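Asker: Below you will find the structure I want to go over with you.
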Amino acid sequence: MQTSERAVEPSTSTAGSEEHQRGRLGFFLCWAVVFADIGTSVYYVPGILYGQVGNLAGFFVLLTMIVFILLTLKYAEVTARYPQGGGVVTVAASNFKPWTGALGGMLELGDYFLTAAISALSGLTYLSVVVPVHDLSVLVVITVVVLVLLGLLNWWGVSESAAVSAVGAVIAFTSDIAILIQVVLHVPLSTLLHLVPEMFEGRPLTPLALMTGFAGSFLAFSGLESISQISPVMKTPRKRTSRRALLVVVLTVGVTSPLLTLFATTLLDASQANPNQFISLLGSTYGGKLLGIEVAISASALLIFASNTAIIGCYHVLLALSRMHFLPPAVQRRNAWRGTPQYAIVLATGIPVVILLLVRGDIALLGDMYAFGLLGAFSLTCLGIDVARWRDWRHHRERQVLLKQVRSGNGADATVGELVELPLPGQSSMAPVPLWLFALGILTTILVMIAWGTNLVFKPPATAFGGAVTVVGLVTAYTTARYLAKRGKWMVFPIQVYGAVPGSTLAVLPTTTEGREAVIRAACREGQEGEVIFLYRGSPVSKRRPELFENADPYLNDEEARQAFSEAEQIARQQRVRHCAVYALPTPDAVFHYWQLLRPRDTIFGPQEHLQGMLLAPDLVRHSGGPGGQVTHYIKNWPIAAVGVT
């Protein structure tokens with residue numbers, strides 16, 4: 001269910017590619033989108049962590065910063081492997097089972113719901129520095145009003161802008177640096193040097209305290225997932241763009257987040273300061289009232305902007321899950337006047353409002369609940385990339401064996417050698433990463449999962465909320481999928497193929513309904529003893545530029561392909577035939593490439609198809625009839641053994 005970086009990106013040397021790149025995001029705007037998300041965490045995380053670990057908050061943020069750097073290596077790879085976007089939903093569905101993608105989607109939805117709530121509440125908390133609001137219940141009511149207004153703006157059609165993100169990110173980063181400079185100028189160097197040892201005085205760092213502090217401080221880096229959501233609008237090559245953007249993210253976050261957390265939780269008098277306004281108070285204490293007000297206003301604007309970003313990301317995930325038949329089709333329904341997905345927007349706005357009212361504006365509790373979905377999504381993404389890297393290694397070894405057979409003349413023909421050197425349509429396999437990087441990725445996964453497991457055990461309210469959201473979401477997904485399947489709308493998830501399938505039957509589904517049933521039934525008859533592989537050549541990729549955070553998977557937007565696979569799924573299930581589906585990009589030689597890769601015993605075409613591009617002579621060509629018309633069988637006995645399908 002994913003496309004190849006090489007398959008979808010034209011050469012950068014052509015004039016057409018300049019048009020393709022126009023309007024796409026370079027590394028600076030990608031940094032801005034991600035920093036505008038991650039950078040907001042510094043405004044509420046120090047207060048949350050201070051309530052949990054006291055003066056050690058800065059130490060734990062610095063400790064987790066190491067894992068954050070390792071995570072950026074994996075997320076840079078996500079953007080290259082999955083240019084269609086989709087984040088953890090795509091990664092999990094592609095490397096495990098489709099229902100794992102649904103699990104990832106539910107975790108991500110919980111993450112977005114809480115991001116919208118906590119960002120809006122924190123934004124108004126900072127604004128109350130300028131316009132004092134001392135009653136928390138009043139602040140909650142105002143936050144609810146702001147969330148409703150953001151929902152109305154999205155219903156009207158106000159879209160996310162990377163340029164606006166850039167303005168907010170630059171202002172926020174500049175304000176952060178100004179605070180750090182003022183602290184360094186006004187606090188004696190001897191005092192600064194003693195801050196670190198003073199943190200540990202009177203606080204024994206037990207293994208339990210280390211684990212809980214480590215797990216809780218991941219909140220300081222929430223927002224990294226957004227880099228994988230914007231991959232469809234990145235400039236190509238995406239791997240280079242994302243690496244540069246994330247390098248700047250690491251540098252800017254690494255300079256600001258640990259130091260601001262350290263200074264805010266050690267230099268301020270917590271008994272006199274509101275922990276939820278730490279950064280503004282730090283600015284006014286050491287930079288004067290004017291800097292404190294500027295920080296409060298800019299923080300408020302950026303946090304409310306982050307809340308709006310969460311709403312946009314949330315309804316795009318809802319739309320993707322609905323297209324995957326994990327949520328009811330009504331979620332996709334658009335307003336006839338404005339053309340916006342009104343029901344998805346209502347869910348993306350209404351659920352954060354309900355959460356905010358239930359917790360009565362308790363930011364610490366919101367933060368604990370937030371960590372459930374955040375660390376869950378991180379864990380699934382890390383696991384998915386580890387599996388993808390392992391498959392790359394296996395695929396690479398298989399290709400080397402085939403090439404060796406070709407060069408030695410050991411029963412393999414030259415065409416196979418040409419095949420393994422060519423990029424295949426619809427493939428996202430990459431060159432194997434170095435062994436040290438693979439091992440580092442495994443270590444990253446283990447560390448993230450330790451943090452998630454720690455939160456599950458030691459933060460019961462967060463586990464209860466996150467578990468409830470996930471269970472309700474999965475039950476809804478199962479019920480929806482069953483309901484649609486009973487009405488003949490099966491959702492099929494195409495797989496990636498890496499090698500041959502001995503004795504298989506390749507059914508090339510017509511792009512029109514004429515002859516489609518004949519091909520499907522003929523394939524099921526021939527495939528009783530083996531596996532049937534249904535291949536569909538997709539529609540041309542839309543030239544419309546995707547929106548920010550939109551899942552641009554061409555298959556999910558190809559109604560004809562989904563209908564064709566649905567028909568094949570229903571008949572194959574009735575005939576009890578082992579089967580799978582492959583979605584090919586609409587290139588002229590797509591069928592030829594997959595025919596060579598899979599090396600099927602029988603390839604079946606519809607009545608209107610032609611055998612163009614089949615360069616090797618078949619052993620037999622025959623015709624058969626049945627419901628829907630006559631089909632053509634292209635039978636070939638291949639000279640070498642197969643190596644399997646993934």
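We name chains A, B, ... following the order of the structure tokens; residues begin at 1 in each chain, and ligands are numbered from 1 as shown.
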Can you list, as a PyMOL selection string, all residues belonging to range 305-551 of chain A that DSSP tags as helix (DSSP H, G or I)?
Answerer: chain A and resi 305-323+329-332+342-359+363-408+414-420+435-458+460-486+516-526
Asker: Could you pull out the strand (DSSP E) residues of range 358-551 of chain A, going by DSSP on the backbone, and write them as an NGL selection string?
Answerer: :A and (505-508 or 532-537)
Asker: Which residue is closest to Ala451 in chain A? Choose from A:Ser190, A:Thr64, A:Thr463, A:Thr115 and count only C-alpha atoms.
Answerer: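 Closest to Ala451 in chain A, using only C-alpha atoms: A:Thr64.
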Asker: Which polymer residues have any atom within 12 Å of an atom of Gln182 in chain A, counting only C-alpha atoms, with same-chain residues fewer than 2 positions away left out, as a CSV table (one decimal) with N, CA, C and O atoms, in the first residue's frame?
Answerer:
chain,number,residue,atom,x,y,z
A,175,SER,N,12.7,34.0,20.8
A,175,SER,CA,12.3,34.3,22.2
A,175,SER,C,13.0,33.4,23.2
A,175,SER,O,13.5,33.8,24.2
A,176,ASP,N,13.1,32.1,22.8
A,176,ASP,CA,13.8,31.1,23.6
A,176,ASP,C,15.3,31.5,23.8
A,176,ASP,O,15.9,31.5,24.9
A,177,ILE,N,15.9,31.9,22.7
A,177,ILE,CA,17.4,32.2,22.7
A,177,ILE,C,17.5,33.5,23.6
A,177,ILE,O,18.5,33.7,24.3
A,178,ALA,N,16.6,34.5,23.4
A,178,ALA,CA,16.7,35.7,24.2
A,178,ALA,C,16.6,35.4,25.7
A,178,ALA,O,17.4,36.1,26.5
A,179,ILE,N,15.8,34.5,26.1
A,179,ILE,CA,15.7,34.2,27.5
A,179,ILE,C,17.0,33.5,28.0
A,179,ILE,O,17.5,33.9,29.1
A,180,LEU,N,17.5,32.6,27.2
A,180,LEU,CA,18.8,32.0,27.6
A,180,LEU,C,19.9,33.0,27.7
A,180,LEU,O,20.7,32.9,28.7
A,184,VAL,N,22.1,33.9,31.2
A,184,VAL,CA,23.5,33.8,31.2
A,184,VAL,C,24.1,35.1,31.7
A,184,VAL,O,25.1,35.2,32.4
A,185,LEU,N,23.5,36.2,31.2
A,185,LEU,CA,24.0,37.5,31.5
A,185,LEU,C,23.8,37.9,33.0
A,185,LEU,O,24.6,38.7,33.6
A,186,HIS,N,22.7,37.5,33.5
A,186,HIS,CA,22.3,37.9,34.9
A,186,HIS,C,22.6,36.9,36.0
A,186,HIS,O,22.6,37.3,37.2
A,187,VAL,N,22.9,35.7,35.7
A,187,VAL,CA,23.2,34.7,36.7
A,187,VAL,C,24.7,34.5,36.7
A,187,VAL,O,25.3,34.2,35.7
A,188,PRO,N,25.3,34.6,37.9
A,188,PRO,CA,26.8,34.3,38.0
A,188,PRO,C,27.1,32.9,37.4
A,188,PRO,O,26.4,32.0,37.6
A,260,LEU,N,16.2,25.5,29.0
A,260,LEU,CA,15.0,26.2,29.5
A,260,LEU,C,14.4,25.4,30.6
A,260,LEU,O,13.9,26.0,31.6
A,263,PHE,N,16.8,25.7,33.7
A,263,PHE,CA,16.7,27.1,34.4
A,263,PHE,C,15.4,27.3,35.0
A,263,PHE,O,15.3,27.9,36.1
A,282,LEU,N,10.3,33.0,33.6
A,282,LEU,CA,11.8,33.0,33.5
A,282,LEU,C,12.2,34.2,32.7
A,282,LEU,O,13.2,34.9,33.0
A,283,GLY,N,11.5,34.5,31.6
A,283,GLY,CA,11.9,35.7,30.8
A,283,GLY,C,11.7,37.0,31.5
A,283,GLY,O,12.6,37.9,31.4
A,284,SER,N,10.6,37.2,32.3
A,284,SER,CA,10.4,38.4,33.0
A,284,SER,C,11.3,38.6,34.2
A,284,SER,O,11.7,39.7,34.5
A,285,THR,N,11.7,37.5,34.8
A,285,THR,CA,12.6,37.5,35.9
A,285,THR,C,14.0,38.0,35.5
A,285,THR,O,14.6,38.8,36.3
A,286,TYR,N,14.5,37.5,34.4
A,286,TYR,CA,15.9,37.8,34.0
A,286,TYR,C,16.0,38.7,32.8
A,286,TYR,O,17.1,39.3,32.6
A,287,GLY,N,14.9,39.0,32.1
A,287,GLY,CA,15.0,39.9,31.0
A,287,GLY,C,14.1,41.1,31.1
A,287,GLY,O,14.0,41.9,30.1
A,288,GLY,N,13.3,41.2,32.1
A,288,GLY,CA,12.5,42.3,32.3
A,288,GLY,C,11.0,42.0,31.9
A,288,GLY,O,10.7,41.0,31.3
A,291,LEU,N,10.1,41.5,28.1
A,291,LEU,CA,10.4,40.1,27.5
A,291,LEU,C,9.4,39.1,28.0
A,291,LEU,O,9.0,38.2,27.2
A,292,GLY,N,9.0,39.2,29.3
A,292,GLY,CA,8.1,38.2,29.8
A,292,GLY,C,6.7,38.3,29.1
A,292,GLY,O,6.1,37.3,28.8
Asker: Calculated over only C-alpha atoms, which of the candidates A:Gly54, A:Pro494, A:Gly361, A:Gly339 has the smallest distance to Ala93 in chain A?
Answerer: A:Pro494
Asker: Contacts of range 103-109 of chain A at 7 Å or less, counting only C-alpha atoms, minus same-chain residues fewer than 5 places along, as a list in words?
Answerer: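 The contact residues come out as Val88, Val89, Ala92, Cys314, Val317, Gly373, Gly376, Ala377, Leu380, Thr470, Gly473 and Leu474 of chain A.
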Asker: Write the residues you've just listed into a file as a PDB file, in the first residue's frame, and include all heavy atoms for each of them.
Answerer:
ATOM      1  N   VAL A  88       2.365   6.706  11.387  1.00  0.00           N
ATOM      2  CA  VAL A  88       2.376   5.390  12.005  1.00  0.00           C
ATOM      3  C   VAL A  88       1.330   4.467  11.385  1.00  0.00           C
ATOM      4  O   VAL A  88       1.512   3.242  11.343  1.00  0.00           O
ATOM      5  CB  VAL A  88       2.155   5.522  13.535  1.00  0.00           C
ATOM      6  CG1 VAL A  88       0.769   6.076  13.855  1.00  0.00           C
ATOM      7  CG2 VAL A  88       2.352   4.177  14.219  1.00  0.00           C
ATOM      8  N   VAL A  89       0.232   5.011  10.859  1.00  0.00           N
ATOM      9  CA  VAL A  89      -0.790   4.173  10.226  1.00  0.00           C
ATOM     10  C   VAL A  89      -0.190   3.425   9.044  1.00  0.00           C
ATOM     11  O   VAL A  89      -0.341   2.205   8.895  1.00  0.00           O
ATOM     12  CB  VAL A  89      -1.988   5.031   9.760  1.00  0.00           C
ATOM     13  CG1 VAL A  89      -3.036   4.160   9.090  1.00  0.00           C
ATOM     14  CG2 VAL A  89      -2.596   5.780  10.935  1.00  0.00           C
ATOM     15  N   ALA A  92       2.798   0.930  10.185  1.00  0.00           N
ATOM     16  CA  ALA A  92       2.318  -0.290  10.842  1.00  0.00           C
ATOM     17  C   ALA A  92       1.570  -1.196   9.875  1.00  0.00           C
ATOM     18  O   ALA A  92       1.779  -2.414   9.861  1.00  0.00           O
ATOM     19  CB  ALA A  92       1.426   0.084  12.026  1.00  0.00           C
ATOM     20  N   CYS A 314      -5.598  15.548  12.977  1.00  0.00           N
ATOM     21  CA  CYS A 314      -6.566  14.581  13.480  1.00  0.00           C
ATOM     22  C   CYS A 314      -7.624  14.245  12.436  1.00  0.00           C
ATOM     23  O   CYS A 314      -7.905  13.073  12.181  1.00  0.00           O
ATOM     24  CB  CYS A 314      -7.222  15.122  14.747  1.00  0.00           C
ATOM     25  SG  CYS A 314      -8.357  13.971  15.531  1.00  0.00           S
ATOM     26  N   VAL A 317      -6.264  12.009   9.726  1.00  0.00           N
ATOM     27  CA  VAL A 317      -6.162  10.613  10.154  1.00  0.00           C
ATOM     28  C   VAL A 317      -7.540   9.963  10.137  1.00  0.00           C
ATOM     29  O   VAL A 317      -7.702   8.818   9.695  1.00  0.00           O
ATOM     30  CB  VAL A 317      -5.529  10.513  11.553  1.00  0.00           C
ATOM     31  CG1 VAL A 317      -5.590   9.075  12.072  1.00  0.00           C
ATOM     32  CG2 VAL A 317      -4.085  10.983  11.522  1.00  0.00           C
ATOM     33  N   GLY A 373      -0.489   7.773  23.971  1.00  0.00           N
ATOM     34  CA  GLY A 373      -0.531   7.708  22.516  1.00  0.00           C
ATOM     35  C   GLY A 373       0.791   8.062  21.876  1.00  0.00           C
ATOM     36  O   GLY A 373       1.188   7.472  20.869  1.00  0.00           O
ATOM     37  N   GLY A 376       3.190   5.148  22.342  1.00  0.00           N
ATOM     38  CA  GLY A 376       2.658   4.024  21.569  1.00  0.00           C
ATOM     39  C   GLY A 376       2.933   4.191  20.082  1.00  0.00           C
ATOM     40  O   GLY A 376       3.357   3.252  19.398  1.00  0.00           O
ATOM     41  N   ALA A 377       2.703   5.399  19.562  1.00  0.00           N
ATOM     42  CA  ALA A 377       2.972   5.669  18.148  1.00  0.00           C
ATOM     43  C   ALA A 377       4.462   5.573  17.846  1.00  0.00           C
ATOM     44  O   ALA A 377       4.866   5.016  16.818  1.00  0.00           O
ATOM     45  CB  ALA A 377       2.438   7.050  17.775  1.00  0.00           C
ATOM     46  N   LEU A 380       5.389   1.739  17.735  1.00  0.00           N
ATOM     47  CA  LEU A 380       4.955   1.048  16.521  1.00  0.00           C
ATOM     48  C   LEU A 380       5.771   1.476  15.307  1.00  0.00           C
ATOM     49  O   LEU A 380       6.130   0.654  14.456  1.00  0.00           O
ATOM     50  CB  LEU A 380       3.467   1.321  16.261  1.00  0.00           C
ATOM     51  CG  LEU A 380       2.463   0.340  16.851  1.00  0.00           C
ATOM     52  CD1 LEU A 380       1.055   0.699  16.396  1.00  0.00           C
ATOM     53  CD2 LEU A 380       2.789  -1.084  16.421  1.00  0.00           C
ATOM     54  N   THR A 470      -8.324   3.416  22.627  1.00  0.00           N
ATOM     55  CA  THR A 470      -7.851   2.420  21.667  1.00  0.00           C
ATOM     56  C   THR A 470      -8.860   1.299  21.487  1.00  0.00           C
ATOM     57  O   THR A 470      -9.157   0.887  20.356  1.00  0.00           O
ATOM     58  CB  THR A 470      -6.498   1.843  22.135  1.00  0.00           C
ATOM     59  OG1 THR A 470      -5.565   2.915  22.302  1.00  0.00           O
ATOM     60  CG2 THR A 470      -5.949   0.869  21.115  1.00  0.00           C
ATOM     61  N   GLY A 473     -11.899   2.529  19.656  1.00  0.00           N
ATOM     62  CA  GLY A 473     -11.549   2.724  18.257  1.00  0.00           C
ATOM     63  C   GLY A 473     -11.454   1.421  17.497  1.00  0.00           C
ATOM     64  O   GLY A 473     -11.956   1.307  16.369  1.00  0.00           O
ATOM     65  N   LEU A 474     -10.818   0.417  18.097  1.00  0.00           N
ATOM     66  CA  LEU A 474     -10.670  -0.867  17.416  1.00  0.00           C
ATOM     67  C   LEU A 474     -12.007  -1.594  17.277  1.00  0.00           C
ATOM     68  O   LEU A 474     -12.263  -2.245  16.254  1.00  0.00           O
ATOM     69  CB  LEU A 474      -9.667  -1.741  18.166  1.00  0.00           C
ATOM     70  CG  LEU A 474      -8.202  -1.285  18.088  1.00  0.00           C
ATOM     71  CD1 LEU A 474      -7.317  -2.179  18.948  1.00  0.00           C
ATOM     72  CD2 LEU A 474      -7.710  -1.288  16.639  1.00  0.00           C
TER      73      LEU A 474
END
Asker: What's the 10 Å shell around Ala485 in chain A, counting only C-alpha atoms, without same-chain residues fewer than 6 positions away, as a ChimeraX atom specification?
Answerer: /A:325,479,491,566,569-570
Asker: Can you write out the residues you just picked, keeping all heavy atoms, as a PDB file, in the first residue's frame?
Answerer:
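Wrote it out as out-v5.pdb, contents follow:
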ATOM      1  N   HIS A 325     -11.762   1.720   5.629  1.00  0.00           N
ATOM      2  CA  HIS A 325     -12.930   1.004   6.151  1.00  0.00           C
ATOM      3  C   HIS A 325     -12.796   0.679   7.634  1.00  0.00           C
ATOM      4  O   HIS A 325     -13.439  -0.242   8.131  1.00  0.00           O
ATOM      5  CB  HIS A 325     -13.188  -0.276   5.356  1.00  0.00           C
ATOM      6  CG  HIS A 325     -13.702  -0.019   3.973  1.00  0.00           C
ATOM      7  ND1 HIS A 325     -14.283  -1.001   3.200  1.00  0.00           N
ATOM      8  CD2 HIS A 325     -13.722   1.113   3.216  1.00  0.00           C
ATOM      9  CE1 HIS A 325     -14.627  -0.485   2.027  1.00  0.00           C
ATOM     10  NE2 HIS A 325     -14.294   0.794   2.024  1.00  0.00           N
ATOM     11  N   THR A 479     -16.315  -3.339  13.741  1.00  0.00           N
ATOM     12  CA  THR A 479     -17.737  -3.295  13.409  1.00  0.00           C
ATOM     13  C   THR A 479     -17.956  -2.677  12.036  1.00  0.00           C
ATOM     14  O   THR A 479     -18.759  -3.179  11.226  1.00  0.00           O
ATOM     15  CB  THR A 479     -18.502  -2.481  14.473  1.00  0.00           C
ATOM     16  OG1 THR A 479     -18.248  -3.032  15.771  1.00  0.00           O
ATOM     17  CG2 THR A 479     -19.993  -2.495  14.199  1.00  0.00           C
ATOM     18  N   MET A 491     -12.474  -4.239   2.112  1.00  0.00           N
ATOM     19  CA  MET A 491     -11.279  -3.412   2.026  1.00  0.00           C
ATOM     20  C   MET A 491     -10.082  -4.337   1.934  1.00  0.00           C
ATOM     21  O   MET A 491      -9.852  -5.142   2.832  1.00  0.00           O
ATOM     22  CB  MET A 491     -11.133  -2.490   3.236  1.00  0.00           C
ATOM     23  CG  MET A 491      -9.965  -1.533   3.111  1.00  0.00           C
ATOM     24  SD  MET A 491     -10.060  -0.519   1.635  1.00  0.00           S
ATOM     25  CE  MET A 491      -8.437   0.186   1.581  1.00  0.00           C
ATOM     26  N   SER A 566     -12.061  -5.401  -4.153  1.00  0.00           N
ATOM     27  CA  SER A 566     -13.190  -5.832  -3.331  1.00  0.00           C
ATOM     28  C   SER A 566     -13.930  -6.989  -3.995  1.00  0.00           C
ATOM     29  O   SER A 566     -14.294  -7.977  -3.347  1.00  0.00           O
ATOM     30  CB  SER A 566     -14.142  -4.656  -3.091  1.00  0.00           C
ATOM     31  OG  SER A 566     -15.262  -5.067  -2.343  1.00  0.00           O
ATOM     32  N   GLU A 569     -11.750 -10.055  -3.734  1.00  0.00           N
ATOM     33  CA  GLU A 569     -11.740 -10.565  -2.364  1.00  0.00           C
ATOM     34  C   GLU A 569     -12.976 -11.404  -2.079  1.00  0.00           C
ATOM     35  O   GLU A 569     -12.883 -12.494  -1.491  1.00  0.00           O
ATOM     36  CB  GLU A 569     -11.659  -9.395  -1.384  1.00  0.00           C
ATOM     37  CG  GLU A 569     -11.646  -9.772   0.079  1.00  0.00           C
ATOM     38  CD  GLU A 569     -10.310 -10.319   0.541  1.00  0.00           C
ATOM     39  OE1 GLU A 569      -9.328 -10.211  -0.219  1.00  0.00           O
ATOM     40  OE2 GLU A 569     -10.248 -10.868   1.662  1.00  0.00           O
ATOM     41  N   GLN A 570     -14.119 -10.915  -2.502  1.00  0.00           N
ATOM     42  CA  GLN A 570     -15.363 -11.618  -2.212  1.00  0.00           C
ATOM     43  C   GLN A 570     -15.392 -12.980  -2.903  1.00  0.00           C
ATOM     44  O   GLN A 570     -15.732 -13.993  -2.286  1.00  0.00           O
ATOM     45  CB  GLN A 570     -16.560 -10.774  -2.656  1.00  0.00           C
ATOM     46  CG  GLN A 570     -17.903 -11.394  -2.292  1.00  0.00           C
ATOM     47  CD  GLN A 570     -19.021 -10.364  -2.307  1.00  0.00           C
ATOM     48  OE1 GLN A 570     -18.785  -9.177  -2.409  1.00  0.00           O
ATOM     49  NE2 GLN A 570     -20.246 -10.833  -2.195  1.00  0.00           N
TER      50      GLN A 570
END
Asker: Have a look at A:Asn95, A:Thr100, A:Thr261, A:Thr90 and name the one nearest to Tyr44 in chain A; count only C-alpha atoms.
Answerer: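 Of the candidates, the smallest distance to Tyr44 in chain A is held by A:Thr261.
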Asker: Write out as a list of chain:residue names the residues lying within 10 Å of range 193-195 of chain A, counting only C-alpha atoms and excluding same-chain residues fewer than 6 positions away.
Answerer: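 Surrounding residues, per the criterion: A:Asn55, A:Leu262, A:Phe263, A:Thr266, A:Leu267.
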Asker: Restricted to C-alpha atoms, what would the selected residues look like written as a PDB file, in the first residue's frame?
Answerer:
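Contents of again.pdb, as written:
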ATOM      1  CA  ASN A  55      14.544  19.925  40.074  1.00  0.00           C
ATOM      2  CA  LEU A 262      16.805  23.302  33.715  1.00  0.00           C
ATOM      3  CA  PHE A 263      16.711  27.062  34.378  1.00  0.00           C
ATOM      4  CA  THR A 266      15.960  25.446  39.380  1.00  0.00           C
ATOM      5  CA  LEU A 267      16.239  29.243  39.240  1.00  0.00           C
TER       6      LEU A 267
END
Asker: From the list A:Trp390, A:Phe305, A:Phe68, A:Phe458, which residue is nearest Ala439 in chain A when using only C-alpha atoms?
Answerer: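 Using only C-alpha atoms, the shortest distance to Ala439 in chain A belongs to A:Trp390.
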Asker: Find the residues near range 28-41 of chain A: any atom within 8 Å, counting only C-alpha atoms, skip ones fewer than 3 places away on the same chain, and give them as a PyMOL selection string.
Answerer: chain A and resi 25+44-45+119+162-163+165-166+168-170+172-173+219-224+226-227+230+234+242+245-246+248-249+253+257+299+302-303+306
Asker: Just checking: using only C-alpha atoms, which residue out of A:Cys524, A:Val469, A:Ala431, A:Leu71 ends up closest to Asp392 in chain A?
Answerer: A:Ala431
Asker: So, counting only C-alpha atoms, which residue among A:Val61, A:Leu247, A:Ile363, A:Val346 is closest to Leu210 in chain A?
Answerer: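 For Leu210 in chain A, the nearest of the given residues is A:Val61.
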Asker: How far is it from CA of Val141 in chain A to CA of Thr125 in chain A, in Å with one decimal?
Answerer: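 Computed distance, CA of Val141 in chain A to CA of Thr125 in chain A, equals 12.1 Å.
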Asker: Give me, please, the distance in Å between CA of Val78 in chain A and CA of Phe378 in chain A, quoted to one decimal.
Answerer: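 Calculated distance between CA of Val78 in chain A and CA of Phe378 in chain A is 11.8 Å.
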Asker: Just how far from CA of Glu559 in chain A is CA of Pro510 in chain A, in Å to one decimal?
Answerer: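 About the pair CA of Pro510 in chain A and CA of Glu559 in chain A: they are 13.8 Å apart.
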